[in-house]
Protein chains: 2
Amino acid sequence: MTTVLEDLYPSRVGGVCELHERTDPVVYTKGPPARGLTADQAKQFDRDGFLVLEGLLSDEEVEALETEVQRLATSKAVLESESAITEPTSGALRSLFYVHMVSKVLDLLSRDRRLLDVATHILGGEVYIHQSRINLKPGFAGKEFYWHSDFETWHVEDGLPRMRALSASVLLTDNYPFNGPLMLIPGAHRTYVACPGETPADNYKTSLRRQDLGVPDDATLTRLVEEHGIAAPIPKAGSVLFFDSNAMHGSNGNITPYPRHNVFFVYNSVENTPQDPFSGLPPRPDFIANRSDFTPLAPETPDYPSLVIS
Amino acid sequence: MTTVLEDLYPSRVGGVCELHERTDPVVYTKGPPARGLTADQAKQFDRDGFLVLEGLLSDEEVEALETEVQRLATSKAVLESESAITEPTSGALRSLFYVHMVSKVLDLLSRDRRLLDVATHILGGEVYIHQSRINLKPGFAGKEFYWHSDFETWHVEDGLPRMRALSASVLLTDNYPFNGPLMLIPGAHRTYVACPGETPADNYKTSLRRQDLGVPDDATLTRLVEEHGIAAPIPKAGSVLFFDSNAMHGSNGNITPYPRHNVFFVYNSVENTPQDPFSGLPPRPDFIANRSDFTPLAPETPDYPSLVIS
């Protein structure tokens, strides 16, 4: 007998944009963090829906990761795989999914205690990778990512029942105000924006290039920004930006010569594994939304090692 | 007998991107400014190729100008005129040209001493309007303007012989790092970038929406940015940004709800009036590049009056 979960966060059910209060916690562990975060940092994440940890990785680690990213981004086999998403106009690699499964270095990074400690504290226990990817926003021709909540898509298209996931963006290039850094609406993670429209089959094939569904309308965005403002942190390479699954975020295009490279891991609680998508459609493929391996991540190493393998 | 001027700044003559040293002065008046600018500000313009004068207009003046801009932007006759340029996708008004000819308020603004004193000092004597326009970069869907030097176009397509013009951008909305503010490469105004390609007839009909010609290649932009960096001033409404005709500039798109509105005047020296375009093609129409009235601008009022007409 299959238990069908109640849809706590309906969206794309044909209506207009609607705002609902979030019913899930943001930080699931009660009490101060044992390691990885200070109590103030945990509070900040709870309040804003995001947190930057500056300089978490060393310069050597960043260099090793960037080398690995470049190896992947220039591999013919990688560029021809379905997990490679290219820029609409230039054809350059924009995103590559499933990277923890194809790269030993990035697999190790996903289980690095500096990331895992944060994820397990915030999500209240064991976690696994729902999605991993490299984002390469090139210089000169990097296109925008429009405003959205990841959770809205993960719920509707992937069947994640609750807001109990987060993203860790490991920054491999320096961010500037003008090279299209991630923008967030601090505090808006407490509001769920039910979006208009209905999801067509295989929506992911176009939405990864240009998102038209699951995005708030202008009036809703104006209201959220009037209430909360916009934050656009510009951390240096080696910093990690953690953000809640329901953080409202987006980024502008980039005509500067400065590219933006990062590695993304989506950590999901093992108590929040995907159900049938709430859209009623077949789920997205595993390389975008893992639904075949929920083994809790175990740190490969007992303490904070260097990622540089000598 | 027609005197054909030597082309001191050839571009789009079929070659590759080439860098040449500017042969013209930046600030034409020797000695300190009599009014409108401090000596340090004049030096700054000379060094960087741009200058921001913060809070030059009062809140009341900004409000009056914004009202006038809105009146023009919502006028059916205006939107249907050839001087109205709309966004490629949304159809919203992006630029409106020739505004000093159709608006008494903007005509007065173009002759306001606070602007004129700066223009006449820098350009060394009497000036007239080569081009005027309103730029409305809307929120949510404002597209980028790619890197370019205005002079390159004014020289090739309009026939301005020398670098003896400047733009004054009167800012009517607050600028933020994330709503697509103007970016400049400080110091790059001393380098002329001869661009590849050749100009097709009626190039302006597409180039005002999306510029493909007269833009430097990636390697050239990288070289200029490595040498000089990028400046992206974010002045408040009421400030005026002056920049040299050969300043290398551009702006990213804007997905935030914050629009960017400004009024642009291009002041040109009366000793630098347009010749036959160096492209050999017919000139652009008057509404984009005035070649019918070179009467020196005279300040309407003896001192700094309010633009608010009561």
# chains A, B, ... in the order shown; residues from 1 in each chain; ligands from 1
$ residues_around --residues "Glu126 of chain A" --least-positions-apart "6" --cutoff "7 Å" --atoms "only C-alpha atoms" --output "PDB file with N, CA and C atoms, in the first residue's frame"
ATOM      1  N   THR A 120      24.292  19.079   8.555  1.00  0.00           N
ATOM      2  CA  THR A 120      23.631  18.194   9.534  1.00  0.00           C
ATOM      3  C   THR A 120      23.065  19.001  10.704  1.00  0.00           C
ATOM      4  N   SER A 269      17.649  16.163   4.026  1.00  0.00           N
ATOM      5  CA  SER A 269      17.535  15.272   5.181  1.00  0.00           C
ATOM      6  C   SER A 269      17.094  13.885   4.730  1.00  0.00           C
ATOM      7  N   VAL A 270      17.665  12.844   5.348  1.00  0.00           N
ATOM      8  CA  VAL A 270      17.235  11.481   5.011  1.00  0.00           C
ATOM      9  C   VAL A 270      15.780  11.237   5.433  1.00  0.00           C
ATOM     10  N   PRO A 296      23.111   7.933   3.934  1.00  0.00           N
ATOM     11  CA  PRO A 296      23.602   9.139   4.612  1.00  0.00           C
ATOM     12  C   PRO A 296      25.082   9.355   4.324  1.00  0.00           C
TER      13      PRO A 296
END
$ interface_residues --of "chain A" --to "chain B" --cutoff "10 Å" --atoms "only C-alpha atoms" --output "PyMOL selection string"
chain A and resi 139-147+176-183+217-219+221-226+230-232+250-258
$ write_last_selection --atoms "N, CA, C and O atoms" --output "compact mmCIF listing (two decimals), in the first residue's frame"
# COMPACT_ATOMS: atom_id res chain seq x y z
N GLY A 139 32.35 34.87 -18.39
CA GLY A 139 32.43 36.30 -18.59
C GLY A 139 31.82 36.67 -19.93
O GLY A 139 31.52 35.80 -20.75
N PHE A 140 31.56 37.95 -20.14
CA PHE A 140 31.10 38.54 -21.41
C PHE A 140 29.66 38.16 -21.77
O PHE A 140 28.90 38.99 -22.26
N ALA A 141 29.28 36.91 -21.56
CA ALA A 141 27.99 36.45 -22.09
C ALA A 141 27.21 35.61 -21.08
O ALA A 141 26.36 34.82 -21.46
N GLY A 142 27.50 35.77 -19.78
CA GLY A 142 26.74 35.00 -18.78
C GLY A 142 25.33 35.53 -18.68
O GLY A 142 25.12 36.73 -18.55
N LYS A 143 24.36 34.63 -18.79
CA LYS A 143 22.97 35.08 -18.76
C LYS A 143 22.44 35.07 -17.32
O LYS A 143 22.99 34.42 -16.44
N GLU A 144 21.34 35.75 -17.11
CA GLU A 144 20.74 35.81 -15.78
C GLU A 144 20.05 34.50 -15.40
O GLU A 144 19.68 33.72 -16.29
N PHE A 145 19.94 34.27 -14.09
CA PHE A 145 19.02 33.25 -13.56
C PHE A 145 17.89 34.03 -12.89
O PHE A 145 18.15 34.79 -11.95
N TYR A 146 16.67 33.84 -13.34
CA TYR A 146 15.59 34.65 -12.78
C TYR A 146 15.26 34.20 -11.35
O TYR A 146 15.60 33.10 -10.92
N TRP A 147 14.57 35.04 -10.61
CA TRP A 147 14.19 34.79 -9.22
C TRP A 147 13.40 33.49 -9.08
O TRP A 147 12.46 33.26 -9.82
N TYR A 176 32.28 39.81 -7.52
CA TYR A 176 32.28 41.26 -7.57
C TYR A 176 30.82 41.72 -7.65
O TYR A 176 29.95 40.95 -8.05
N PRO A 177 30.58 42.99 -7.32
CA PRO A 177 29.19 43.46 -7.45
C PRO A 177 28.69 43.32 -8.89
O PRO A 177 27.49 43.20 -9.12
N PHE A 178 29.65 43.34 -9.85
CA PHE A 178 29.22 43.47 -11.25
C PHE A 178 29.41 42.22 -12.09
O PHE A 178 29.28 42.28 -13.31
N ASN A 179 29.73 41.06 -11.48
CA ASN A 179 29.82 39.87 -12.34
C ASN A 179 28.70 38.86 -12.05
O ASN A 179 28.89 37.65 -12.17
N GLY A 180 27.54 39.40 -11.70
CA GLY A 180 26.36 38.55 -11.58
C GLY A 180 26.36 37.66 -10.35
O GLY A 180 26.02 36.48 -10.43
N PRO A 181 26.73 38.20 -9.17
CA PRO A 181 26.71 37.37 -7.97
C PRO A 181 25.28 36.99 -7.59
O PRO A 181 24.33 37.65 -8.01
N LEU A 182 25.16 35.93 -6.79
CA LEU A 182 23.84 35.50 -6.32
C LEU A 182 23.20 36.61 -5.50
O LEU A 182 23.84 37.19 -4.63
N MET A 183 21.94 36.90 -5.80
CA MET A 183 21.16 37.84 -4.99
C MET A 183 20.12 37.05 -4.21
O MET A 183 19.55 36.09 -4.73
N ASP A 217 5.45 36.43 -9.78
CA ASP A 217 5.13 37.54 -10.68
C ASP A 217 5.75 38.84 -10.14
O ASP A 217 6.25 38.90 -9.03
N ASP A 218 5.71 39.89 -10.98
CA ASP A 218 6.37 41.15 -10.63
C ASP A 218 5.84 41.75 -9.32
O ASP A 218 6.61 42.25 -8.50
N ALA A 219 4.52 41.69 -9.14
CA ALA A 219 3.93 42.31 -7.94
C ALA A 219 4.42 41.59 -6.69
O ALA A 219 4.71 42.22 -5.66
N LEU A 221 7.26 39.84 -6.31
CA LEU A 221 8.68 40.16 -6.09
C LEU A 221 8.85 41.56 -5.51
O LEU A 221 9.64 41.78 -4.60
N THR A 222 8.07 42.50 -6.05
CA THR A 222 8.13 43.87 -5.53
C THR A 222 7.77 43.88 -4.05
O THR A 222 8.45 44.52 -3.23
N ARG A 223 6.72 43.15 -3.70
CA ARG A 223 6.27 43.10 -2.30
C ARG A 223 7.36 42.49 -1.40
O ARG A 223 7.65 43.03 -0.33
N LEU A 224 7.96 41.41 -1.84
CA LEU A 224 9.00 40.76 -1.03
C LEU A 224 10.22 41.68 -0.87
O LEU A 224 10.79 41.79 0.22
N VAL A 225 10.60 42.34 -1.96
CA VAL A 225 11.79 43.21 -1.89
C VAL A 225 11.50 44.46 -1.07
O VAL A 225 12.35 44.94 -0.31
N GLU A 226 10.27 44.98 -1.18
CA GLU A 226 9.93 46.14 -0.34
C GLU A 226 10.02 45.78 1.13
O GLU A 226 10.43 46.57 1.96
N ILE A 230 17.26 43.43 -0.74
CA ILE A 230 18.05 42.46 -1.51
C ILE A 230 19.46 42.40 -0.90
O ILE A 230 20.02 43.44 -0.58
N ALA A 231 19.98 41.20 -0.75
CA ALA A 231 21.38 41.03 -0.35
C ALA A 231 22.13 40.40 -1.50
O ALA A 231 21.62 39.49 -2.16
N ALA A 232 23.32 40.90 -1.76
CA ALA A 232 24.14 40.32 -2.83
C ALA A 232 25.57 40.18 -2.31
O ALA A 232 26.43 41.00 -2.61
N GLY A 250 18.23 34.78 -7.18
CA GLY A 250 18.42 34.89 -8.63
C GLY A 250 19.74 35.58 -8.87
O GLY A 250 20.46 35.92 -7.93
N SER A 251 20.10 35.76 -10.13
CA SER A 251 21.33 36.52 -10.41
C SER A 251 21.21 37.19 -11.76
O SER A 251 20.57 36.68 -12.69
N ASN A 252 21.84 38.36 -11.86
CA ASN A 252 21.87 39.09 -13.12
C ASN A 252 22.90 38.49 -14.07
O ASN A 252 23.73 37.68 -13.67
N GLY A 253 22.83 38.90 -15.31
CA GLY A 253 23.82 38.50 -16.31
C GLY A 253 25.20 39.07 -15.98
O GLY A 253 25.37 39.79 -14.99
N ASN A 254 26.15 38.75 -16.82
CA ASN A 254 27.53 39.13 -16.57
C ASN A 254 28.25 39.45 -17.87
O ASN A 254 28.62 38.55 -18.61
N ILE A 255 28.45 40.76 -18.15
CA ILE A 255 29.21 41.13 -19.35
C ILE A 255 30.67 41.43 -19.02
O ILE A 255 31.44 41.79 -19.91
N THR A 256 31.06 41.33 -17.76
CA THR A 256 32.46 41.60 -17.42
C THR A 256 33.33 40.40 -17.84
O THR A 256 32.81 39.32 -18.09
N PRO A 257 34.65 40.60 -17.89
CA PRO A 257 35.52 39.46 -18.20
C PRO A 257 35.64 38.46 -17.04
O PRO A 257 36.25 37.42 -17.22
N TYR A 258 35.08 38.77 -15.87
CA TYR A 258 35.26 37.91 -14.70
C TYR A 258 34.21 36.79 -14.70
O TYR A 258 33.03 37.06 -14.46
$ select_by_dssp --residues "segment 192-243 of chain B" --states "strand (DSSP E or B)" --output "list in words"
Tyr192, Val193, Ala194, Ala231, Val240, Leu241, Phe242 and Phe243 of chain B
$ select_by_dssp --residues "segment 30-101 of chain A" --states "helix (DSSP H, G or I)" --output "PyMOL selection string"
chain A and resi 39-48+59-73+76-80+99-101
$ write_last_selection --atoms "C-alpha atoms" --output "PDB file, in the first residue's frame"
ATOM      1  CA  ALA A  39      25.580  29.937  17.589  1.00  0.00           C
ATOM      2  CA  ASP A  40      25.401  33.407  15.993  1.00  0.00           C
ATOM      3  CA  GLN A  41      25.945  31.974  12.523  1.00  0.00           C
ATOM      4  CA  ALA A  42      23.162  29.449  13.076  1.00  0.00           C
ATOM      5  CA  LYS A  43      20.871  32.306  14.168  1.00  0.00           C
ATOM      6  CA  GLN A  44      21.842  34.303  11.128  1.00  0.00           C
ATOM      7  CA  PHE A  45      20.933  31.416   8.824  1.00  0.00           C
ATOM      8  CA  ASP A  46      17.626  31.045  10.657  1.00  0.00           C
ATOM      9  CA  ARG A  47      16.850  34.762  10.284  1.00  0.00           C
ATOM     10  CA  ASP A  48      18.120  35.433   6.732  1.00  0.00           C
ATOM     11  CA  ASP A  59      43.917  28.820  -1.844  1.00  0.00           C
ATOM     12  CA  GLU A  60      45.495  25.444  -2.638  1.00  0.00           C
ATOM     13  CA  GLU A  61      42.154  23.684  -2.308  1.00  0.00           C
ATOM     14  CA  VAL A  62      40.475  26.253  -4.556  1.00  0.00           C
ATOM     15  CA  GLU A  63      43.188  25.758  -7.147  1.00  0.00           C
ATOM     16  CA  ALA A  64      42.812  21.973  -7.028  1.00  0.00           C
ATOM     17  CA  LEU A  65      39.031  22.249  -7.367  1.00  0.00           C
ATOM     18  CA  GLU A  66      39.262  24.720 -10.232  1.00  0.00           C
ATOM     19  CA  THR A  67      41.652  22.358 -12.032  1.00  0.00           C
ATOM     20  CA  GLU A  68      39.129  19.546 -11.589  1.00  0.00           C
ATOM     21  CA  VAL A  69      36.281  21.768 -12.823  1.00  0.00           C
ATOM     22  CA  GLN A  70      38.288  22.753 -15.891  1.00  0.00           C
ATOM     23  CA  ARG A  71      39.073  19.098 -16.575  1.00  0.00           C
ATOM     24  CA  LEU A  72      35.362  18.287 -16.500  1.00  0.00           C
ATOM     25  CA  ALA A  73      34.315  21.391 -18.466  1.00  0.00           C
ATOM     26  CA  LYS A  76      34.221  15.922 -24.760  1.00  0.00           C
ATOM     27  CA  ALA A  77      32.393  13.065 -23.050  1.00  0.00           C
ATOM     28  CA  VAL A  78      31.113  15.443 -20.365  1.00  0.00           C
ATOM     29  CA  LEU A  79      29.972  18.114 -22.833  1.00  0.00           C
ATOM     30  CA  GLU A  80      28.050  15.505 -24.814  1.00  0.00           C
ATOM     31  CA  VAL A  99      29.313  15.881 -10.387  1.00  0.00           C
ATOM     32  CA  HIS A 100      29.772  14.006  -7.093  1.00  0.00           C
ATOM     33  CA  MET A 101      29.096  10.791  -9.024  1.00  0.00           C
TER      34      MET A 101
END
$ atom_distance --atom1 "atom CA of Ile85 of chain B" --atom2 "atom CA of Leu297 of chain B"
26.4 Å
$ atom_distance --atom1 "atom CA of Ser75 of chain A" --atom2 "atom CA of Asn135 of chain A"
15.4 Å
$ residues_around --residues "Phe242 of chain A" --least-positions-apart "4" --cutoff "12 Å" --atoms "only C-alpha atoms" --output "number ranges by chain"
A: 37, 41-42, 44-46, 48-54, 56, 114-119, 122, 165-171, 182, 184, 233, 246-247, 263-267
$ closest_residue --among "B:Lys236, B:Asn272, B:Asp212, B:Tyr128" --to "Phe294 of chain B" --atoms "only C-alpha atoms"
B:Tyr128
$ atom_distance --atom1 "atom CA of Gly214 of chain A" --atom2 "atom CA of Phe151 of chain A"
9.8 Å
$ residues_around --residues "Glu152 of chain B" --least-positions-apart "5" --cutoff "9 Å" --atoms "only C-alpha atoms" --output "PDB file with all heavy atoms, in the first residue's frame"
ATOM      1  N   TYR B   9      40.642  58.252 -36.557  1.00  0.00           N
ATOM      2  CA  TYR B   9      40.283  57.110 -35.716  1.00  0.00           C
ATOM      3  C   TYR B   9      39.547  56.053 -36.529  1.00  0.00           C
ATOM      4  O   TYR B   9      38.370  55.775 -36.294  1.00  0.00           O
ATOM      5  CB  TYR B   9      39.398  57.577 -34.548  1.00  0.00           C
ATOM      6  CG  TYR B   9      40.090  58.517 -33.586  1.00  0.00           C
ATOM      7  CD1 TYR B   9      39.829  59.885 -33.596  1.00  0.00           C
ATOM      8  CD2 TYR B   9      41.010  58.018 -32.665  1.00  0.00           C
ATOM      9  CE1 TYR B   9      40.464  60.744 -32.703  1.00  0.00           C
ATOM     10  CE2 TYR B   9      41.652  58.875 -31.773  1.00  0.00           C
ATOM     11  CZ  TYR B   9      41.371  60.235 -31.787  1.00  0.00           C
ATOM     12  OH  TYR B   9      41.996  61.068 -30.905  1.00  0.00           O
ATOM     13  N   PRO B  10      40.224  55.447 -37.507  1.00  0.00           N
ATOM     14  CA  PRO B  10      39.523  54.456 -38.328  1.00  0.00           C
ATOM     15  C   PRO B  10      39.045  53.271 -37.486  1.00  0.00           C
ATOM     16  O   PRO B  10      39.708  52.846 -36.543  1.00  0.00           O
ATOM     17  CB  PRO B  10      40.570  54.025 -39.355  1.00  0.00           C
ATOM     18  CG  PRO B  10      41.879  54.507 -38.848  1.00  0.00           C
ATOM     19  CD  PRO B  10      41.628  55.619 -37.907  1.00  0.00           C
ATOM     20  N   SER B  11      37.886  52.735 -37.837  1.00  0.00           N
ATOM     21  CA  SER B  11      37.328  51.556 -37.172  1.00  0.00           C
ATOM     22  C   SER B  11      36.375  50.880 -38.144  1.00  0.00           C
ATOM     23  O   SER B  11      35.880  51.526 -39.080  1.00  0.00           O
ATOM     24  CB  SER B  11      36.584  51.971 -35.904  1.00  0.00           C
ATOM     25  OG  SER B  11      36.091  50.838 -35.204  1.00  0.00           O
ATOM     26  N   GLU B 157      29.710  56.423 -37.613  1.00  0.00           N
ATOM     27  CA  GLU B 157      28.355  56.537 -38.167  1.00  0.00           C
ATOM     28  C   GLU B 157      27.851  57.975 -38.270  1.00  0.00           C
ATOM     29  O   GLU B 157      26.949  58.257 -39.053  1.00  0.00           O
ATOM     30  CB  GLU B 157      27.379  55.688 -37.344  1.00  0.00           C
ATOM     31  CG  GLU B 157      27.752  54.199 -37.344  1.00  0.00           C
ATOM     32  CD  GLU B 157      26.670  53.282 -36.762  1.00  0.00           C
ATOM     33  OE1 GLU B 157      25.492  53.667 -36.774  1.00  0.00           O
ATOM     34  OE2 GLU B 157      27.029  52.178 -36.303  1.00  0.00           O
ATOM     35  N   TYR B 192      42.026  54.158 -27.895  1.00  0.00           N
ATOM     36  CA  TYR B 192      40.958  54.010 -28.886  1.00  0.00           C
ATOM     37  C   TYR B 192      40.969  52.577 -29.393  1.00  0.00           C
ATOM     38  O   TYR B 192      42.013  52.064 -29.805  1.00  0.00           O
ATOM     39  CB  TYR B 192      41.182  54.974 -30.057  1.00  0.00           C
ATOM     40  CG  TYR B 192      40.107  54.856 -31.112  1.00  0.00           C
ATOM     41  CD1 TYR B 192      38.792  55.207 -30.814  1.00  0.00           C
ATOM     42  CD2 TYR B 192      40.399  54.397 -32.396  1.00  0.00           C
ATOM     43  CE1 TYR B 192      37.790  55.099 -31.779  1.00  0.00           C
ATOM     44  CE2 TYR B 192      39.410  54.294 -33.363  1.00  0.00           C
ATOM     45  CZ  TYR B 192      38.101  54.643 -33.033  1.00  0.00           C
ATOM     46  OH  TYR B 192      37.116  54.539 -33.978  1.00  0.00           O
ATOM     47  N   VAL B 193      39.814  51.926 -29.309  1.00  0.00           N
ATOM     48  CA  VAL B 193      39.711  50.544 -29.769  1.00  0.00           C
ATOM     49  C   VAL B 193      39.091  50.544 -31.164  1.00  0.00           C
ATOM     50  O   VAL B 193      37.887  50.792 -31.320  1.00  0.00           O
ATOM     51  CB  VAL B 193      38.862  49.687 -28.809  1.00  0.00           C
ATOM     52  CG1 VAL B 193      38.807  48.246 -29.310  1.00  0.00           C
ATOM     53  CG2 VAL B 193      39.431  49.738 -27.387  1.00  0.00           C
ATOM     54  N   ALA B 194      39.929  50.312 -32.159  1.00  0.00           N
ATOM     55  CA  ALA B 194      39.416  50.146 -33.521  1.00  0.00           C
ATOM     56  C   ALA B 194      38.793  48.756 -33.597  1.00  0.00           C
ATOM     57  O   ALA B 194      39.423  47.770 -33.236  1.00  0.00           O
ATOM     58  CB  ALA B 194      40.550  50.295 -34.524  1.00  0.00           C
ATOM     59  N   CYS B 195      37.551  48.711 -34.041  1.00  0.00           N
ATOM     60  CA  CYS B 195      36.787  47.465 -33.965  1.00  0.00           C
ATOM     61  C   CYS B 195      36.727  46.760 -35.314  1.00  0.00           C
ATOM     62  O   CYS B 195      36.872  47.380 -36.361  1.00  0.00           O
ATOM     63  CB  CYS B 195      35.384  47.752 -33.455  1.00  0.00           C
ATOM     64  SG  CYS B 195      35.391  48.369 -31.759  1.00  0.00           S
ATOM     65  N   GLY B 214      31.097  47.522 -33.505  1.00  0.00           N
ATOM     66  CA  GLY B 214      31.691  48.583 -32.699  1.00  0.00           C
ATOM     67  C   GLY B 214      31.912  48.165 -31.268  1.00  0.00           C
ATOM     68  O   GLY B 214      31.990  49.000 -30.375  1.00  0.00           O
ATOM     69  N   VAL B 215      31.977  46.856 -31.025  1.00  0.00           N
ATOM     70  CA  VAL B 215      32.275  46.390 -29.668  1.00  0.00           C
ATOM     71  C   VAL B 215      33.610  45.646 -29.693  1.00  0.00           C
ATOM     72  O   VAL B 215      33.921  44.946 -30.649  1.00  0.00           O
ATOM     73  CB  VAL B 215      31.157  45.484 -29.084  1.00  0.00           C
ATOM     74  CG1 VAL B 215      29.835  46.215 -29.042  1.00  0.00           C
ATOM     75  CG2 VAL B 215      31.018  44.195 -29.872  1.00  0.00           C
ATOM     76  N   SER B 245      33.599  60.956 -24.222  1.00  0.00           N
ATOM     77  CA  SER B 245      33.026  60.301 -25.407  1.00  0.00           C
ATOM     78  C   SER B 245      33.688  58.966 -25.702  1.00  0.00           C
ATOM     79  O   SER B 245      33.082  58.082 -26.292  1.00  0.00           O
ATOM     80  CB  SER B 245      33.163  61.213 -26.630  1.00  0.00           C
ATOM     81  OG  SER B 245      34.537  61.431 -26.927  1.00  0.00           O
ATOM     82  N   ASN B 246      34.947  58.812 -25.274  1.00  0.00           N
ATOM     83  CA  ASN B 246      35.656  57.560 -25.557  1.00  0.00           C
ATOM     84  C   ASN B 246      35.754  56.645 -24.327  1.00  0.00           C
ATOM     85  O   ASN B 246      36.510  55.680 -24.331  1.00  0.00           O
ATOM     86  CB  ASN B 246      37.055  57.848 -26.118  1.00  0.00           C
ATOM     87  CG  ASN B 246      37.726  56.601 -26.644  1.00  0.00           C
ATOM     88  OD1 ASN B 246      37.100  55.816 -27.373  1.00  0.00           O
ATOM     89  ND2 ASN B 246      38.987  56.380 -26.276  1.00  0.00           N
TER      90      ASN B 246
END
